[in-house]
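Notes for the one structure printed next.
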Amino acid sequence: MKKSGIYIHIPFCAVKCMYCDFYSIADQNSQIPVFIKTLIREINMYEVDSKKLIFDTIFIGGGTPSLLEPKYIEEILSTLNKKFNLTNVKEFTIEANPGEAPKERLSDFYNLGINRLSIGVQSLQPSLLKFLTRIHSAEQVFETFSNARSVGFKNINCDLIYSIPGQTWEMWEEDLRKIISLKPNHISAYTLTVENGTELFDLVRKNVIKMPNDDKTGDWFSKTHSILEENGYPAYEVSNFALPKMQCRHNLHYWRIEPYLAFGPSAHGFNDNKRWNNVRSLSNYIQKVESGIQPISKTETLSNLDFINEAIGFGLRMKEGFDINIIPSEILNSFEEKYSKIQKEYPNLISKKESRIKLTTKGMLMSDQIIPELIFSK
Ligand SMILES: C[S@@+](CC[C@H](N)C(=O)[O-])C[C@H]1O[C@@H](n2cnc3c(N)ncnc32)[C@H](O)[C@@H]1O
Ligand code: SF4
């Protein structure tokens, strides 16, 4: 039996943010009822030997799942309940946007058994929220947070973005400290990534917007890790920080290469050596499911070497690192050679303690350079 998660993707948003590459569609809320009907059909259609899996996490992400009326969440949950054994679920997360999750709805979500709320704060600075085309204010962040606590949520995450054009260190430090003072259980702090296909990508390409340089981002990354650690939020992954025992179990499934089933357009799943992606279009998704076809656009079967490479890649992004025993003896020498080369090239950035290989905080900053040098070519 393997510990596993279930991910559900809700693609609806009030507006499309200029930096966001996730599959989400604005102004399509009239499609919610048909989407839910399709999602339920997709879940019912899925064939899995659930005796091999113990589901301990559910994550409803998006998009903006907090736009959904609780009756829809209830329908999704009752479908999952009939299909899978959910008695071992310990962590059940929903993502919410500030100002788009009224208190009564949060209370209904909590009463349905959702026990973790992930709030998309991003920034508390009016000018940066405007730049990011967010439609909420800092006040709405505090209101949503306080509503969530008062309806019973004991486990709250705040998502933040830094290294935004126009952001000064003082602005970012002020935001970080204000969020820390709310005492969330978990904080995700991502550097703003320029994703192909977004409005931000076009603006950067046309030189209308200049992104902060790597040295500045690196310096902020280290200072961010220090501030969070000093305040009781050590990093357990490159961009994820938590109070003791409050790490996101669902994310750990991804990074520890444990199974997770996934439903909804663009959702990615992993089980039995197979990774799959659902189609990234609501209309294609509906069409496929209505014709009785699984709405998958791509399936990849992982070889043993793929597995090892993924374990190295994901492992080194986590504080816990990875266990060298995953590397079979016939390629261990080749790994040891790469490892010594890296140690010479980047002293003090990587360490081996007992059988675990880990990056230091400074090493994590260089993970994009170090990991490709350690993985095996096919
Ligand atoms: C896709 S959103 C979904 C949740 C919710 N709709 C929201 O906007 O907060 C999940 C998280 O991804 C992060 N994110 C999305 N695009 C990003 C980007 N280009 N760079 C850095 N972080 C990003 C944000 O922090 C966001 O909270
Ligand atoms: S960042 Fe969140 S609210 Fe903005 S478009 Fe992406 S999923 Fe929607």
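Letters A, B, ... mark the chains of the structure tokens in the order given; residue numbers begin at 1 per chain; ligand numbers begin at 1, in order shown.
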
Cut-off 7 Å: closest chain A/ligand 2 atom pairs per residue, using only C-alpha atoms and all ligand atoms, as CSV:
```
residue,atom,partner,partner_atom_place_in_ligand_line,distance
A:Cys13,CA,ligand 2,8 (Fe),4.7
A:Ala14,CA,ligand 2,3 (S),7.0
A:Val15,CA,ligand 2,5 (S),6.1
A:Lys16,CA,ligand 2,5 (S),3.9
A:Cys17,CA,ligand 2,4 (Fe),4.1
A:Cys20,CA,ligand 2,6 (Fe),4.5
A:Asp21,CA,ligand 2,6 (Fe),6.7
A:Phe22,CA,ligand 2,6 (Fe),5.7
A:Ser24,CA,ligand 2,7 (S),5.7
A:Gly62,CA,ligand 2,7 (S),5.3
A:Gly63,CA,ligand 2,7 (S),3.6
A:Thr64,CA,ligand 2,8 (Fe),5.7
A:Asn97,CA,ligand 2,3 (S),6.7
A:Arg134,CA,ligand 2,4 (Fe),6.9
```

Next, write the just-selected residues to a file, as a PDB file, in the first residue's frame, keeping N, CA and C atoms as the atom set.
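Saved result, selection.pdb, follows:
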```
ATOM      1  N   CYS A  13     -11.548  31.390 -13.142  1.00  0.00           N
ATOM      2  CA  CYS A  13     -11.011  32.551 -12.425  1.00  0.00           C
ATOM      3  C   CYS A  13     -11.840  33.773 -12.790  1.00  0.00           C
ATOM      4  N   ALA A  14     -11.833  34.774 -11.905  1.00  0.00           N
ATOM      5  CA  ALA A  14     -12.557  36.014 -12.212  1.00  0.00           C
ATOM      6  C   ALA A  14     -11.825  36.764 -13.325  1.00  0.00           C
ATOM      7  N   VAL A  15     -10.478  36.832 -13.223  1.00  0.00           N
ATOM      8  CA  VAL A  15      -9.686  37.438 -14.304  1.00  0.00           C
ATOM      9  C   VAL A  15      -8.436  36.583 -14.490  1.00  0.00           C
ATOM     10  N   LYS A  16      -7.801  36.732 -15.630  1.00  0.00           N
ATOM     11  CA  LYS A  16      -6.552  35.991 -15.868  1.00  0.00           C
ATOM     12  C   LYS A  16      -5.390  36.893 -15.462  1.00  0.00           C
ATOM     13  N   CYS A  17      -4.599  36.466 -14.492  1.00  0.00           N
ATOM     14  CA  CYS A  17      -3.462  37.281 -14.040  1.00  0.00           C
ATOM     15  C   CYS A  17      -2.355  37.266 -15.110  1.00  0.00           C
ATOM     16  N   CYS A  20       0.365  34.347 -15.052  1.00  0.00           N
ATOM     17  CA  CYS A  20      -0.059  32.978 -14.714  1.00  0.00           C
ATOM     18  C   CYS A  20      -0.152  32.060 -15.914  1.00  0.00           C
ATOM     19  N   ASP A  21       0.529  30.930 -15.798  1.00  0.00           N
ATOM     20  CA  ASP A  21       0.574  29.945 -16.869  1.00  0.00           C
ATOM     21  C   ASP A  21      -0.296  28.718 -16.547  1.00  0.00           C
ATOM     22  N   PHE A  22      -0.899  28.719 -15.371  1.00  0.00           N
ATOM     23  CA  PHE A  22      -1.754  27.579 -15.014  1.00  0.00           C
ATOM     24  C   PHE A  22      -2.994  27.612 -15.913  1.00  0.00           C
ATOM     25  N   SER A  24      -6.323  28.274 -16.647  1.00  0.00           N
ATOM     26  CA  SER A  24      -7.466  28.928 -15.993  1.00  0.00           C
ATOM     27  C   SER A  24      -8.158  29.835 -16.988  1.00  0.00           C
ATOM     28  N   GLY A  62      -6.345  25.324  -8.536  1.00  0.00           N
ATOM     29  CA  GLY A  62      -6.864  25.928  -9.753  1.00  0.00           C
ATOM     30  C   GLY A  62      -5.847  26.809 -10.431  1.00  0.00           C
ATOM     31  N   GLY A  63      -6.465  27.757 -11.160  1.00  0.00           N
ATOM     32  CA  GLY A  63      -7.791  28.329 -11.073  1.00  0.00           C
ATOM     33  C   GLY A  63      -8.149  28.837  -9.668  1.00  0.00           C
ATOM     34  N   THR A  64      -9.390  29.119  -9.518  1.00  0.00           N
ATOM     35  CA  THR A  64      -9.872  29.669  -8.244  1.00  0.00           C
ATOM     36  C   THR A  64     -11.007  28.810  -7.686  1.00  0.00           C
ATOM     37  N   ASN A  97      -8.842  32.683  -3.232  1.00  0.00           N
ATOM     38  CA  ASN A  97      -8.290  34.009  -3.534  1.00  0.00           C
ATOM     39  C   ASN A  97      -8.884  35.012  -2.560  1.00  0.00           C
ATOM     40  N   ARG A 134      -3.750  41.633  -9.997  1.00  0.00           N
ATOM     41  CA  ARG A 134      -4.592  40.996  -8.975  1.00  0.00           C
ATOM     42  C   ARG A 134      -5.780  41.924  -8.710  1.00  0.00           C
TER      43      ARG A 134
END
```

- Item | Cut-off 10 Å, only C-alpha atoms and all ligand atoms, neighbours of ligand 1 as an NGL selection string | :A and (9-24 or 60-67 or 94-98 or 100 or 118-123 or 132 or 134 or 157-164 or 188-196 or 198 or 200-201 or 239)

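By only C-alpha atoms, and with residues fewer than 3 positions from Val89 (chain A) along its chain excluded, the set lying at most 8 Å from it is Phe55, Asp56, Thr57, Ile58, Leu86 and Phe92 of chain A.
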
Written selection (N, CA and C atoms) as a JSON list (two decimals), in the first residue's frame:
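Produced file again-v8.json, reproduced below:
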```json
[["chain", "number", "residue", "atom", "x", "y", "z"],
["A", 55, "PHE", "N", -5.17, 6.76, 0.37],
["A", 55, "PHE", "CA", -5.29, 8.19, 0.11],
["A", 55, "PHE", "C", -5.23, 8.96, 1.43],
["A", 56, "ASP", "N", -4.22, 9.83, 1.54],
["A", 56, "ASP", "CA", -4.15, 10.62, 2.78],
["A", 56, "ASP", "C", -4.23, 12.13, 2.53],
["A", 57, "THR", "N", -4.26, 12.55, 1.25],
["A", 57, "THR", "CA", -4.44, 13.98, 0.97],
["A", 57, "THR", "C", -5.39, 14.19, -0.21],
["A", 58, "ILE", "N", -6.12, 15.31, -0.14],
["A", 58, "ILE", "CA", -6.90, 15.78, -1.30],
["A", 58, "ILE", "C", -6.53, 17.24, -1.46],
["A", 86, "LEU", "N", -11.72, 7.12, 1.63],
["A", 86, "LEU", "CA", -11.14, 8.40, 2.08],
["A", 86, "LEU", "C", -10.97, 8.46, 3.60],
["A", 92, "PHE", "N", -6.80, 18.01, 3.70],
["A", 92, "PHE", "CA", -7.73, 18.28, 2.60],
["A", 92, "PHE", "C", -7.70, 19.79, 2.36]]
```

- Item | Which of region 32-266 of chain A fall in strand (DSSP E), as a VMD selection string | chain A and resid 53 to 62 91 to 96 116 to 122 155 to 162 186 to 191 235 to 237 240 to 242 260 to 263

- Shell of 12 Å around Lys245 (chain A), only C-alpha atoms, local chain residues under 4 positions omitted, as a list in words: Asn155, Asn185, His186, Gly232, Tyr233, Pro234, Tyr236, Phe241 and Arg249 of chain A

- To one decimal place, how far is CA of Glu354 (chain A) from CA of Ile327 (chain A) in Å?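 Going from CA of Glu354 (chain A) over to CA of Ile327 (chain A), I get 14.6 Å.
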
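Among the candidate residues A:Leu282, A:Glu139, A:Asn309, A:Glu42, the one lying nearest to Lys178 (chain A) is A:Glu139, with distances computed using only C-alpha atoms.
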
- Message: So that I can check the secondary structure, give me every residue of region 166-354 of chain A assigned alpha helix (DSSP H) by backbone DSSP, as a VMD selection string.
- Response: chain A and resid 169 to 182 199 to 205 214 to 230 249 to 255 282 to 290 304 to 316 329 to 345

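Using only C-alpha atoms, the shortest contact distance between Arg256 (chain A) and any of A:Tyr285, A:Tyr7, A:Phe270, A:Phe314 is found at A:Phe314.
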
- Task: Write out as a ChimeraX atom specification each polymer residue whose atoms come within 12 Å of region 363-374 of chain A, counting only C-alpha atoms; drop sequence neighbours fewer than 5 positions from it.
- Result: /A:191,214-225,235-240,308-321,324,327,332,334-351,357-358

- Best match for closeness to Arg116 (chain A) among A:Ser355, A:Thr93, A:Thr144, A:Gln28, counting only C-alpha atoms: A:Thr93

- Item | Shell of 9 Å around Arg105 (chain A), only C-alpha atoms, local chain residues under 2 positions omitted, as a VMD selection string | chain A and resid 66 68 to 70 101 to 103 107 to 110

Those same residues, written as a compact mmCIF listing (two decimals), in the first residue's frame with C-alpha atoms?
```
# COMPACT_ATOMS: atom_id res chain seq x y z
CA SER A 66 -13.07 29.26 -3.85
CA LEU A 68 -17.33 27.28 -6.38
CA GLU A 69 -20.53 27.13 -4.38
CA PRO A 70 -20.22 24.58 -1.54
CA ALA A 101 -14.05 33.47 -0.59
CA PRO A 102 -16.83 34.91 1.59
CA LYS A 103 -16.89 33.89 5.26
CA SER A 107 -17.46 27.96 6.88
CA ASP A 108 -19.34 25.61 4.54
CA PHE A 109 -16.05 24.35 3.09
CA TYR A 110 -14.75 23.69 6.60
```

- Query: Taking only C-alpha atoms into account, which of A:Thr361, A:Ser146, A:Ser50, A:Ile227 comes nearest Leu176 (chain A)?
  - Reply: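 The answer is A:Ile227, which sits nearest to Leu176 (chain A).
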
- What does the distance between CA of Leu124 (chain A) and CA of Glu174 (chain A) come to in Å, to one decimal place?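 Atom-to-atom, CA of Leu124 (chain A) to CA of Glu174 (chain A), that is 8.7 Å.
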
- Message: Can you tell me which residues surround Ile54 (chain A) at a distance of at most 6 Å, considering only C-alpha atoms, apart from same-chain residues fewer than 4 positions away, and format the answer as a list of chain:residue names?
- Response: A:Lys2, A:Lys3, A:Ser4

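Taking CA of Asp175 (chain A) as the reference point, CA of Asn231 (chain A) is found at 13.9 Å.
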